[in-house]
$ cat query-v7.pdb   # PDB, C-alpha atoms
ATOM      1  CA  GLU A   1     -28.699   2.594 -24.059
ATOM      2  CA  LEU A   2     -27.606   5.054 -21.402
ATOM      3  CA  PRO A   3     -30.003   7.733 -20.174
ATOM      4  CA  SER A   4     -29.525  11.187 -21.708
ATOM      5  CA  GLN A   5     -29.646  12.638 -18.179
ATOM      6  CA  LEU A   6     -26.119  11.321 -17.757
ATOM      7  CA  THR A   7     -24.894  14.707 -18.998
ATOM      8  CA  ASP A   8     -26.441  16.271 -15.875
ATOM      9  CA  LEU A   9     -23.676  14.590 -13.857
ATOM     10  CA  GLN A  10     -21.126  17.280 -14.630
ATOM     11  CA  HIS A  11     -18.855  16.305 -11.714
ATOM     12  CA  LEU A  12     -18.780  12.584 -12.512
ATOM     13  CA  THR A  13     -15.162  11.401 -12.688
ATOM     14  CA  LEU A  14     -15.514   7.608 -12.871
ATOM     15  CA  LEU A  15     -17.881   5.541 -15.041
ATOM     16  CA  HIS A  16     -17.584   1.760 -15.204
ATOM     17  CA  ILE A  17     -20.126  -0.026 -17.380
ATOM     18  CA  THR A  18     -18.723  -3.524 -17.237
ATOM     19  CA  GLY A  19     -20.414  -6.453 -18.939
ATOM     20  CA  SER A  20     -23.045  -4.350 -20.677
ATOM     21  CA  ASN A  21     -24.786  -5.281 -23.923
ATOM     22  CA  LEU A  22     -23.839  -2.010 -25.676
ATOM     23  CA  ASN A  23     -22.229  -2.343 -29.126
ATOM     24  CA  SER A  24     -20.893   1.199 -29.044
ATOM     25  CA  ILE A  25     -20.060   3.812 -26.464
ATOM     26  CA  PRO A  26     -22.842   6.407 -26.491
ATOM     27  CA  ALA A  27     -21.678   9.902 -27.469
ATOM     28  CA  VAL A  28     -23.256  11.297 -24.288
ATOM     29  CA  VAL A  29     -20.388   9.716 -22.310
ATOM     30  CA  PHE A  30     -17.845  11.935 -24.031
ATOM     31  CA  ASP A  31     -19.793  15.070 -23.051
ATOM     32  CA  LEU A  32     -18.943  14.578 -19.367
ATOM     33  CA  PRO A  33     -16.356  17.323 -18.748
ATOM     34  CA  ASN A  34     -14.711  15.814 -15.656
ATOM     35  CA  LEU A  35     -14.708  12.134 -16.638
ATOM     36  CA  LYS A  36     -11.262  10.710 -15.868
ATOM     37  CA  ASP A  37     -11.832   6.961 -15.695
ATOM     38  CA  LEU A  38     -14.015   5.062 -18.180
ATOM     39  CA  SER A  39     -14.461   1.310 -18.465
ATOM     40  CA  PHE A  40     -16.558  -0.765 -20.846
ATOM     41  CA  GLU A  41     -14.697  -3.946 -19.930
ATOM     42  CA  ASN A  42     -16.212  -7.223 -21.174
ATOM     43  CA  SER A  43     -18.870  -5.497 -23.263
ATOM     44  CA  PRO A  44     -19.544  -6.166 -26.967
ATOM     45  CA  VAL A  45     -18.380  -2.659 -27.938
ATOM     46  CA  GLU A  46     -17.188  -2.829 -31.555
ATOM     47  CA  SER A  47     -16.081   0.735 -32.205
ATOM     48  CA  LEU A  48     -14.952   3.936 -30.600
ATOM     49  CA  ASP A  49     -16.590   7.047 -32.016
ATOM     50  CA  ALA A  50     -14.610  10.116 -33.104
ATOM     51  CA  ASN A  51     -16.489  11.986 -30.347
ATOM     52  CA  VAL A  52     -13.902  10.528 -27.982
ATOM     53  CA  ILE A  53     -11.906  13.719 -28.634
ATOM     54  CA  LYS A  54     -14.442  15.591 -26.462
ATOM     55  CA  ALA A  55     -13.262  13.626 -23.405
ATOM     56  CA  LYS A  56     -10.457  16.041 -22.611
ATOM     57  CA  SER A  57     -10.186  15.000 -18.934
ATOM     58  CA  LEU A  58     -10.070  11.269 -19.679
ATOM     59  CA  GLN A  59      -6.970   9.626 -18.187
ATOM     60  CA  ASN A  60      -7.833   5.931 -17.918
ATOM     61  CA  LEU A  61      -9.714   3.944 -20.558
ATOM     62  CA  ASP A  62     -10.411   0.234 -20.158
ATOM     63  CA  LEU A  63     -11.729  -1.513 -23.255
ATOM     64  CA  SER A  64     -10.494  -4.987 -22.251
ATOM     65  CA  GLY A  65     -12.622  -7.831 -23.509
ATOM     66  CA  THR A  66     -14.402  -5.699 -26.108
ATOM     67  CA  LYS A  67     -14.605  -6.348 -29.854
ATOM     68  CA  ILE A  68     -12.720  -3.201 -30.849
ATOM     69  CA  LYS A  69     -10.259  -3.814 -33.689
ATOM     70  CA  THR A  70      -9.221  -0.250 -34.567
ATOM     71  CA  LEU A  71      -9.225   3.165 -32.940
ATOM     72  CA  PRO A  72     -10.254   6.413 -34.669
ATOM     73  CA  ASP A  73      -7.526   8.849 -35.709
ATOM     74  CA  GLU A  74      -8.892  11.357 -33.178
ATOM     75  CA  PHE A  75      -7.833   8.955 -30.440
ATOM     76  CA  ALA A  76      -4.267  10.216 -30.794
ATOM     77  CA  TRP A  77      -5.317  13.592 -29.355
ATOM     78  CA  LEU A  78      -6.239  12.110 -25.970
ATOM     79  CA  ASN A  79      -3.810  12.450 -23.099
ATOM     80  CA  LEU A  80      -4.355   9.035 -21.515
ATOM     81  CA  SER A  81      -2.270   7.691 -18.657
ATOM     82  CA  ILE A  82      -3.680   4.156 -18.978
ATOM     83  CA  LEU A  83      -5.211   2.366 -21.950
ATOM     84  CA  SER A  84      -6.210  -1.253 -21.479
ATOM     85  CA  LEU A  85      -7.045  -3.323 -24.566
ATOM     86  CA  SER A  86      -6.327  -6.821 -23.287
ATOM     87  CA  ASN A  87      -8.374  -9.652 -24.764
ATOM     88  CA  THR A  88      -9.517  -7.625 -27.772
ATOM     89  CA  PRO A  89      -9.295  -8.914 -31.363
TER      90      PRO A  89
END
$ encode --input "query-v7.pdb" --output "structure tokens"
Amino acid sequence: ELPSQLTDLQHLTLLHITGSNLNSIPAVVFDLPNLKDLSFENSPVESLDANVIKAKSLQNLDLSGTKIKTLPDEFAWLNLSILSLSNTP
């Protein structure tokens, strides 16, 4: 679990949580208004929450090596430059 104080980091632009034991991406991550680069590479993440639509600044998303099989419909509203899903089911 990520600390709720993460939302205090309003100017955070890059968050890499590689090799974690999280099964899902906490909603608090998508409340970061300036987050541009997010990675949960090689983590057992199984799903991406519809809250992803809140990540309006997100440009790069790396979910390589996760267990994600599908993406929520809301995902289509993101304006990503890079999406990495290598080594996912």
$ resolve_selection --input "query-v7.pdb" --expression "the PyMOL selection byres ((chain A and resi 46) around 8)" --output "number ranges by chain"
A: 23-24, 44-45, 47-48, 66-69
$ write_last_selection --input "query-v7.pdb" --atoms "C-alpha atoms" --output "compact mmCIF listing (two decimals), in the coordinates of the input"
# COMPACT_ATOMS: atom_id res chain seq x y z
CA ASN A 23 -22.23 -2.34 -29.13
CA SER A 24 -20.89 1.20 -29.04
CA PRO A 44 -19.54 -6.17 -26.97
CA VAL A 45 -18.38 -2.66 -27.94
CA SER A 47 -16.08 0.74 -32.20
CA LEU A 48 -14.95 3.94 -30.60
CA THR A 66 -14.40 -5.70 -26.11
CA LYS A 67 -14.60 -6.35 -29.85
CA ILE A 68 -12.72 -3.20 -30.85
CA LYS A 69 -10.26 -3.81 -33.69
$ resolve_selection --input "query-v7.pdb" --expression "the PyMOL selection byres ((chain A and resi 86) around 8)" --output "ChimeraX atom specification"
/A:63-65,84-85,87-88
$ write_last_selection --input "query-v7.pdb" --atoms "C-alpha atoms" --output "mmCIF file, in the coordinates of the input"
data_model
loop_
_atom_site.group_PDB
_atom_site.id
_atom_site.type_symbol
_atom_site.label_atom_id
_atom_site.label_comp_id
_atom_site.auth_asym_id
_atom_site.auth_seq_id
_atom_site.Cartn_x
_atom_site.Cartn_y
_atom_site.Cartn_z
ATOM 1 C CA LEU A 63 -11.729 -1.513 -23.255
ATOM 2 C CA SER A 64 -10.494 -4.987 -22.251
ATOM 3 C CA GLY A 65 -12.622 -7.831 -23.509
ATOM 4 C CA SER A 84 -6.210 -1.253 -21.479
ATOM 5 C CA LEU A 85 -7.045 -3.323 -24.566
ATOM 6 C CA ASN A 87 -8.374 -9.652 -24.764
ATOM 7 C CA THR A 88 -9.517 -7.625 -27.772
#
$ residues_around --input "query-v7.pdb" --residues "Ser81 (chain A)" --least-positions-apart "5" --cutoff "10 Å" --atoms "only C-alpha atoms" --output "list in words"
Lys36, Leu58, Gln59, Asn60 and Leu61 of chain A
$ atom_distance --input "query-v7.pdb" --atom1 "CA of Ala55 (chain A)" --atom2 "CA of His11 (chain A)"
13.2 Å
$ residues_near_point --input "query-v7.pdb" --point "(-11.8, 5.5, -30.5)" --cutoff "10 Å" --atoms "all atoms listed in the file" --output "VMD selection string"
chain A and resid 25 46 to 53 68 to 76 78
$ atom_distance --input "query-v7.pdb" --atom1 "CA of Leu32 (chain A)" --atom2 "CA of Gln10 (chain A)"
5.9 Å
$ atom_distance --input "query-v7.pdb" --atom1 "CA of Lys56 (chain A)" --atom2 "CA of Ile82 (chain A)"
14.2 Å
$ resolve_selection --input "query-v7.pdb" --expression "the PyMOL selection byres ((chain A and resi 4) around 12)" --output "ChimeraX atom specification"
/A:1-3,5-9,26-32
$ axis_aligned_box --input "query-v7.pdb" --around "region 46-62 of chain A" --padding-each-side "5 Å" --output "JSON"
{"center_x": -12.1, "center_y": 6.6, "center_z": -25.5, "size_x": 20.2, "size_y": 28.9, "size_z": 25.2}
